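So this block is work28.txt, compact mmCIF, C-alpha atoms:
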```txt
# COMPACT_ATOMS: atom_id res chain seq x y z
CA MET I 14 0.00 0.00 0.00
CA GLU I 15 1.28 3.48 -0.87
CA THR I 16 -0.50 6.55 0.50
CA THR I 17 2.25 9.13 1.06
CA GLY I 18 2.36 10.64 -2.44
CA PRO I 19 -0.12 12.28 -4.82
CA ALA I 20 -2.03 9.01 -5.29
CA CYS I 21 -3.49 6.14 -3.34
CA SER I 22 -2.45 2.70 -4.60
CA ALA I 23 -2.76 -0.91 -3.51
CA ALA I 24 -1.31 -4.08 -5.02
CA VAL I 25 -1.11 -7.79 -4.34
CA ILE I 26 1.35 -10.24 -5.86
CA ASP I 27 0.99 -14.02 -5.51
CA ALA I 28 3.58 -16.79 -5.31
CA GLN I 29 3.59 -17.13 -9.10
CA GLY I 30 4.40 -13.44 -9.55
CA ARG I 31 0.95 -12.43 -10.81
CA LEU I 32 0.42 -8.79 -9.88
CA VAL I 33 -2.92 -7.03 -9.46
CA TRP I 34 -2.95 -3.35 -8.59
CA ARG I 35 -5.00 -0.19 -8.64
CA ALA I 36 -4.14 3.47 -8.20
CA GLU I 37 -6.10 6.69 -8.02
CA ALA I 38 -4.65 10.19 -8.00
CA MET I 39 -5.77 12.19 -4.96
CA ALA I 40 -4.47 14.93 -2.71
CA ARG I 41 -6.67 13.81 0.18
CA GLY I 42 -9.26 11.15 0.88
CA HIS I 43 -6.86 8.21 1.34
CA ALA I 44 -8.70 7.06 4.47
CA GLU I 45 -11.91 6.54 2.50
CA ALA I 46 -10.27 5.09 -0.61
CA LEU I 47 -7.63 2.70 0.70
CA VAL I 48 -9.61 -0.15 2.30
CA PRO I 49 -12.06 -0.54 -0.61
CA MET I 50 -9.08 -0.47 -2.98
CA VAL I 51 -7.34 -3.23 -1.02
CA ALA I 52 -10.52 -5.29 -1.02
CA ALA I 53 -10.85 -4.80 -4.78
CA VAL I 54 -7.34 -6.02 -5.63
CA MET I 55 -7.69 -9.03 -3.32
CA ALA I 56 -11.00 -9.94 -4.95
CA GLU I 57 -9.58 -9.54 -8.45
CA ALA I 58 -6.61 -11.72 -7.51
CA GLY I 59 -8.99 -14.33 -6.08
CA LEU I 60 -7.13 -14.40 -2.77
CA PRO I 61 -8.53 -14.55 0.77
CA PHE I 62 -6.97 -12.18 3.27
CA ASP I 63 -5.58 -15.04 5.37
CA ALA I 64 -3.38 -15.98 2.39
CA LEU I 65 -1.25 -12.89 2.96
CA GLY I 66 2.30 -13.54 4.14
CA ARG I 67 3.60 -9.96 4.05
CA VAL I 68 2.01 -6.55 4.14
CA ALA I 69 4.32 -3.84 2.79
CA VAL I 70 3.67 -0.13 3.21
CA THR I 71 5.49 3.17 2.77
CA ARG I 72 5.92 5.38 5.83
CA GLY I 73 6.89 8.72 4.29
CA PRO I 74 8.14 11.33 3.88
CA GLY I 75 5.16 12.81 2.11
CA SER I 76 1.56 13.31 3.10
CA PHE I 77 1.18 13.47 6.88
CA THR I 78 -2.33 12.04 6.91
CA GLY I 79 -1.59 9.59 4.11
CA ALA I 80 1.33 8.05 6.01
CA ARG I 81 -0.79 7.52 9.10
CA VAL I 82 -3.64 6.02 7.08
CA GLY I 83 -1.38 3.57 5.26
CA LEU I 84 0.47 2.45 8.37
CA ALA I 85 -2.71 2.00 10.40
CA ALA I 86 -4.27 -0.08 7.63
CA ALA I 87 -1.10 -2.17 7.25
CA ARG I 88 -0.86 -2.91 10.97
CA GLY I 89 -4.52 -3.91 11.18
CA LEU I 90 -4.37 -6.05 8.05
CA ALA I 91 -1.16 -7.81 9.10
CA LEU I 92 -2.53 -8.49 12.57
CA ALA I 93 -5.75 -9.97 11.19
CA ALA I 94 -3.94 -12.11 8.62
CA GLY I 95 -1.06 -13.15 10.87
CA ALA I 96 1.32 -11.62 8.31
CA GLU I 97 4.67 -9.86 8.53
CA THR I 98 4.72 -6.06 8.18
CA LEU I 99 7.38 -4.33 6.07
CA ALA I 100 7.47 -0.54 6.39
CA VAL I 101 9.97 1.31 4.19
CA SER I 102 10.59 4.96 3.51
CA THR I 103 9.33 6.35 0.22
CA LEU I 104 12.88 7.51 -0.54
CA ALA I 105 14.29 4.02 -0.04
CA LEU I 106 11.58 2.62 -2.32
CA LEU I 107 12.59 5.03 -5.09
CA ALA I 108 16.27 4.18 -4.72
CA LEU I 109 15.62 0.44 -4.64
CA ALA I 110 13.42 0.67 -7.74
CA ALA I 111 16.18 2.55 -9.58
CA ALA I 112 18.89 0.10 -8.51
CA ASP I 113 16.69 -2.77 -9.68
CA VAL I 114 16.68 -1.56 -13.30
CA MET I 115 19.99 0.30 -13.58
CA PRO I 116 23.46 -1.29 -13.84
CA ASP I 117 25.96 -0.27 -11.18
CA ASP I 118 28.32 2.29 -12.71
CA GLY I 119 29.90 3.37 -9.44
CA ARG I 120 27.59 6.34 -8.91
CA ALA I 121 25.36 6.74 -5.89
CA ILE I 122 21.58 7.03 -6.16
CA LEU I 123 20.00 10.20 -4.80
CA ALA I 124 16.27 9.86 -4.17
CA ALA I 125 14.39 13.16 -4.03
CA ILE I 126 10.73 14.08 -3.58
CA ASP I 127 9.37 17.55 -4.29
CA ALA I 128 8.44 18.97 -0.87
CA ARG I 129 7.32 22.35 -2.29
CA ARG I 130 8.40 25.62 -0.64
CA ASN I 131 11.60 25.40 -2.73
CA SER I 132 12.73 22.29 -0.89
CA VAL I 133 13.01 18.55 -1.37
CA TYR I 134 12.95 15.45 0.79
CA TRP I 135 16.13 13.64 -0.14
CA GLN I 136 18.49 10.85 0.83
CA ARG I 137 21.64 9.42 -0.73
CA PHE I 138 22.14 5.70 -1.20
CA ASP I 139 25.48 4.10 -2.10
CA ARG I 140 25.82 0.86 -4.04
CA GLY I 141 28.31 -1.74 -2.88
CA PRO I 142 28.97 -5.47 -2.48
CA GLN I 143 26.21 -5.73 0.12
CA GLY I 144 23.68 -3.92 -2.03
CA LEU I 145 22.13 -0.50 -1.53
CA VAL I 146 23.08 1.31 1.68
CA ALA I 147 21.80 4.64 3.01
CA ALA I 148 24.71 7.08 3.23
CA GLY I 149 22.92 9.25 5.78
CA PRO I 150 19.49 10.07 7.16
CA ALA I 151 16.60 11.40 5.11
CA GLU I 152 16.39 15.20 5.19
CA GLU I 153 14.35 18.13 4.01
CA ALA I 154 16.54 20.80 2.39
CA ALA I 155 16.70 23.47 -0.27
CA PRO I 156 18.44 22.34 -3.49
CA GLY I 157 21.47 24.45 -2.58
CA ARG I 158 21.98 22.47 0.62
CA VAL I 159 22.03 19.25 -1.39
CA LEU I 160 24.58 20.81 -3.74
CA THR I 161 26.78 21.64 -0.73
CA HIS I 162 26.63 18.01 0.38
CA LEU I 163 27.60 16.76 -3.08
CA THR I 164 30.43 19.28 -3.37
CA ASP I 165 31.80 18.59 0.12
CA THR I 166 31.70 14.82 -0.29
CA ARG I 167 32.72 14.86 -3.98
CA VAL I 168 29.94 12.43 -4.79
CA ALA I 169 28.43 11.88 -8.23
CA ALA I 170 24.95 10.37 -8.31
CA HIS I 171 21.91 9.52 -10.36
CA ALA I 172 18.88 11.49 -9.16
CA VAL I 173 15.42 9.89 -9.15
CA GLY I 174 11.98 10.96 -7.99
CA SER I 175 9.77 14.02 -8.33
CA GLY I 176 12.48 16.30 -6.90
CA ALA I 177 15.23 15.09 -9.21
CA ALA I 178 14.85 17.74 -11.93
CA ALA I 179 15.24 20.65 -9.49
CA LEU I 180 18.40 19.11 -8.05
CA ILE I 181 19.93 18.32 -11.44
CA ALA I 182 19.35 21.93 -12.53
CA THR I 183 21.29 23.07 -9.45
CA ALA I 184 24.12 20.54 -9.70
CA PRO I 185 24.49 19.23 -13.28
CA GLU I 186 28.18 18.51 -12.70
CA HIS I 187 27.31 16.09 -9.87
CA LEU I 188 23.93 14.69 -10.86
CA THR I 189 22.49 12.91 -13.88
CA ALA I 190 18.92 11.75 -14.37
CA GLY I 191 18.31 8.20 -13.25
CA PRO I 192 15.55 5.90 -14.53
CA ASP I 193 11.95 7.09 -14.42
CA VAL I 194 10.79 5.15 -11.38
CA THR I 195 7.79 5.77 -9.15
CA ALA I 196 7.01 4.97 -5.54
CA ASP I 197 3.71 3.13 -5.94
CA ALA I 198 2.15 -0.04 -4.58
CA ALA I 199 3.03 -2.09 -7.67
CA THR I 200 6.73 -1.27 -7.28
CA LEU I 201 6.49 -1.97 -3.56
CA ALA I 202 4.85 -5.36 -4.14
CA ARG I 203 7.40 -6.49 -6.73
CA LEU I 204 10.36 -5.54 -4.54
CA ALA I 205 8.82 -7.06 -1.41
CA ALA I 206 8.13 -10.34 -3.23
CA ALA I 207 11.72 -10.40 -4.51
CA GLY I 208 13.08 -9.93 -0.98
CA ARG I 209 14.64 -6.56 -1.80
CA LEU I 210 13.07 -4.63 1.09
CA ALA I 211 14.36 -6.56 4.10
CA ASP I 212 17.50 -4.46 4.63
CA HIS I 213 15.47 -1.25 4.41
CA ALA I 214 12.49 -2.25 6.53
CA ASP I 215 12.01 0.03 9.52
CA THR I 216 9.69 0.72 12.40
CA PRO I 217 6.07 1.01 11.20
CA ARG I 218 5.79 4.65 12.21
CA PRO I 219 5.40 7.70 9.99
CA LEU I 220 8.62 9.34 8.80
CA TYR I 221 8.05 13.08 9.14
CA LEU I 222 10.75 15.54 8.09
CA ARG I 223 8.86 18.76 8.81
CA PRO I 224 6.24 19.78 11.36
CA PRO I 225 2.60 19.59 10.24
CA ASP I 226 0.99 22.59 8.57
CA ALA I 227 -2.16 22.24 10.66
CA LYS I 228 -2.03 23.89 14.04
CA ARG I 229 -4.25 23.54 17.06
CA PRO I 230 -6.57 26.50 17.46
CA GLY I 231 -5.64 28.85 20.25
CA ARG I 232 -7.82 29.29 23.30
CA ALA I 233 -10.81 31.54 22.85
CA LEU I 234 -10.76 34.75 24.84
CA LEU I 235 -13.98 36.23 26.17
CA ALA I 236 -13.69 39.84 27.26
```

Show how you would write the structure in this file as structure tokens.
Amino acid sequence: METTGPACSAAVIDAQGRLVWRAEAMARGHAEALVPMVAAVMAEAGLPFDALGRVAVTRGPGSFTGARVGLAAARGLALAAGAETLAVSTLALLALAAADVMPDDGRAILAAIDARRNSVYWQRFDRGPQGLVAAGPAEEAAPGRVLTHLTDTRVAAHAVGSGAAALIATAPEHLTAGPDVTADAATLARLAAAGRLADHADTPRPLYLRPPDAKRPGRALLA
């Protein structure tokens, strides 16, 4: 299940590799859309819920409400089915998807998501003998801050994700465009079934890189 981006998507993949998935673009409304979407893909696949062995979900960064909706649904579904839960960051999913289709040329993979306000959510992943490894924590930063990191560390990378273009424009000498990959439920299902997520699975809690926009209303004053 993927609910942290500009769409809500759900997918199921069986032991034979047959994938069924659905996606719907939406800025909000994930809470109402997700469970019926999950039920629809399970019905189309002809699978009962107790056949599930793993429930994979993204935990952000991205939509605050979307992350909470997806994680709550994943925990409930896994508990009911007696399944394992795999929660991965949306940035790790992008990097893993890119590494899956791109030969290793010695460059790192920089996953970036447009966070608006002239900033991106980003994280660098290095490729080595043990596979893909996060080179540092996920951060929110202006493109110039990412350029400083690349300059200071003398790292060249392939940039992927919705924030890649803004970063490449800032640092063309360090960054090239990676493959056109997306963080959706179909990608998540394929990588989970292939065992590619285990090293990047994390606590099933939302990954927030900025405080929420919504604020509690202040106390009313009667004078």

Using only C-alpha atoms, which residues of segment 167-218 of chain I come within 12 Å of segment 126-148 of chain I, and what is the closest atom pair for each, with the distance in Å to one decimal? Give it as JSON lines, sorted by chain and residue number.
```
{"residue": "I:Val168", "atom": "CA", "partner": "I:Arg137", "partner_atom": "CA", "distance": 9.7}
{"residue": "I:Ala169", "atom": "CA", "partner": "I:Asp139", "partner_atom": "CA", "distance": 10.3}
{"residue": "I:Ala170", "atom": "CA", "partner": "I:Arg137", "partner_atom": "CA", "distance": 8.3}
{"residue": "I:His171", "atom": "CA", "partner": "I:Arg137", "partner_atom": "CA", "distance": 9.6}
{"residue": "I:Ala172", "atom": "CA", "partner": "I:Arg137", "partner_atom": "CA", "distance": 9.1}
{"residue": "I:Val173", "atom": "CA", "partner": "I:Ile126", "partner_atom": "CA", "distance": 8.4}
{"residue": "I:Gly174", "atom": "CA", "partner": "I:Ile126", "partner_atom": "CA", "distance": 5.5}
{"residue": "I:Ser175", "atom": "CA", "partner": "I:Ile126", "partner_atom": "CA", "distance": 4.8}
{"residue": "I:Gly176", "atom": "CA", "partner": "I:Asp127", "partner_atom": "CA", "distance": 4.2}
{"residue": "I:Ala177", "atom": "CA", "partner": "I:Ile126", "partner_atom": "CA", "distance": 7.3}
{"residue": "I:Ala178", "atom": "CA", "partner": "I:Asp127", "partner_atom": "CA", "distance": 9.4}
{"residue": "I:Ala179", "atom": "CA", "partner": "I:Asp127", "partner_atom": "CA", "distance": 8.4}
{"residue": "I:Leu180", "atom": "CA", "partner": "I:Val133", "partner_atom": "CA", "distance": 8.6}
{"residue": "I:Leu188", "atom": "CA", "partner": "I:Arg137", "partner_atom": "CA", "distance": 11.6}
{"residue": "I:Val194", "atom": "CA", "partner": "I:Ile126", "partner_atom": "CA", "distance": 11.9}
{"residue": "I:Thr195", "atom": "CA", "partner": "I:Ile126", "partner_atom": "CA", "distance": 10.4}
{"residue": "I:Ala196", "atom": "CA", "partner": "I:Ile126", "partner_atom": "CA", "distance": 10.0}
{"residue": "I:Arg209", "atom": "CA", "partner": "I:Gly144", "partner_atom": "CA", "distance": 9.4}
{"residue": "I:Leu210", "atom": "CA", "partner": "I:Leu145", "partner_atom": "CA", "distance": 10.3}
{"residue": "I:Ala211", "atom": "CA", "partner": "I:Leu145", "partner_atom": "CA", "distance": 11.3}
{"residue": "I:Asp212", "atom": "CA", "partner": "I:Val146", "partner_atom": "CA", "distance": 8.6}
{"residue": "I:His213", "atom": "CA", "partner": "I:Val146", "partner_atom": "CA", "distance": 8.5}
```

### Query
Nearest to Gly30 of chain I: which of I:Gly89, I:Ala205, I:Asp197, I:Ala110 is it, counting all atoms listed in the file?
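Closest to Gly30 of chain I, using all atoms listed in the file: I:Ala205.
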
### Message
So the first atom is atom CA of Glu57 of chain I and the second is atom CA of Val33 of chain I; what is the distance between them in Å, to one decimal place?
### Response
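Spanning atom CA of Glu57 of chain I to atom CA of Val33 of chain I is a straight-line distance of 7.2 Å.
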
### Message
So that I can check the surroundings of segment 63-65 of chain I, please list as a list in words every protein, DNA and RNA residue that reaches within 8 Å of it, counting all atoms listed in the file and ignoring chain neighbours fewer than 6 positions away.
### Response
Ala91, Ala93, Ala94, Gly95 and Ala96 of chain I

With 12 Å as the cut-off and only C-alpha atoms counted, what is the closest atom pair between each nearby residue of segment 141-202 of chain I and segment 74-84 of chain I? Distances in Å to one decimal, ordered by chain and number, as a Markdown table.
```
| residue | atom | partner | partner_atom | distance |
| --- | --- | --- | --- | --- |
| I:Pro150 | CA | I:Pro74 | CA | 11.9 |
| I:Ala151 | CA | I:Pro74 | CA | 8.5 |
| I:Glu152 | CA | I:Pro74 | CA | 9.2 |
| I:Glu153 | CA | I:Pro74 | CA | 9.2 |
| I:Ser175 | CA | I:Gly75 | CA | 11.5 |
| I:Ala196 | CA | I:Gly75 | CA | 11.1 |
| I:Ala198 | CA | I:Gly83 | CA | 11.1 |
```

### Query
atom CA of Gly149 of chain I and atom CA of Ala125 of chain I are how many Å apart?
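Distance between the two atoms: 13.6 Å.
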
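The gap separating atom CA of Leu107 of chain I from atom CA of Gly42 of chain I is 23.5 Å, in Å to one decimal.
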
### Query
Do you know which residues are at most 9 Å from Gly157 of chain I counting only C-alpha atoms, after dropping those on the same chain fewer than 5 positions away, and could you put them as a list in words?
His162, Leu180, Thr183 and Ala184 of chain I

### Task
Find the residues near Met39 of chain I: any atom within 10 Å, counting all atoms listed in the file, skip ones fewer than 6 places away on the same chain, and give them as a list of chain:residue names.
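In the requested format, the answer is I:Thr16, I:Gly18, I:Pro19, I:Ala20, I:Cys21, I:Ala46.
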
### Task
Around the point (5.4, -10.3, -11.5), in the coordinates given by the file, pick out the residues reaching within 9 Å, counting all atoms listed in the file, and return them as a list in words.
Ile26, Asp27, Gln29, Gly30, Arg31, Leu32, Ala202, Arg203 and Ala206 of chain I

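Every protein, DNA or RNA residue with an atom at most 12 Å from Gly208 of chain I, where all atoms listed in the file count and chain neighbours fewer than 5 positions away do not, is listed here: I:Arg67, I:Ala69, I:Leu99, I:Leu109, I:Asp113, I:Leu201, I:Ala202, I:Arg203, I:His213, I:Ala214.
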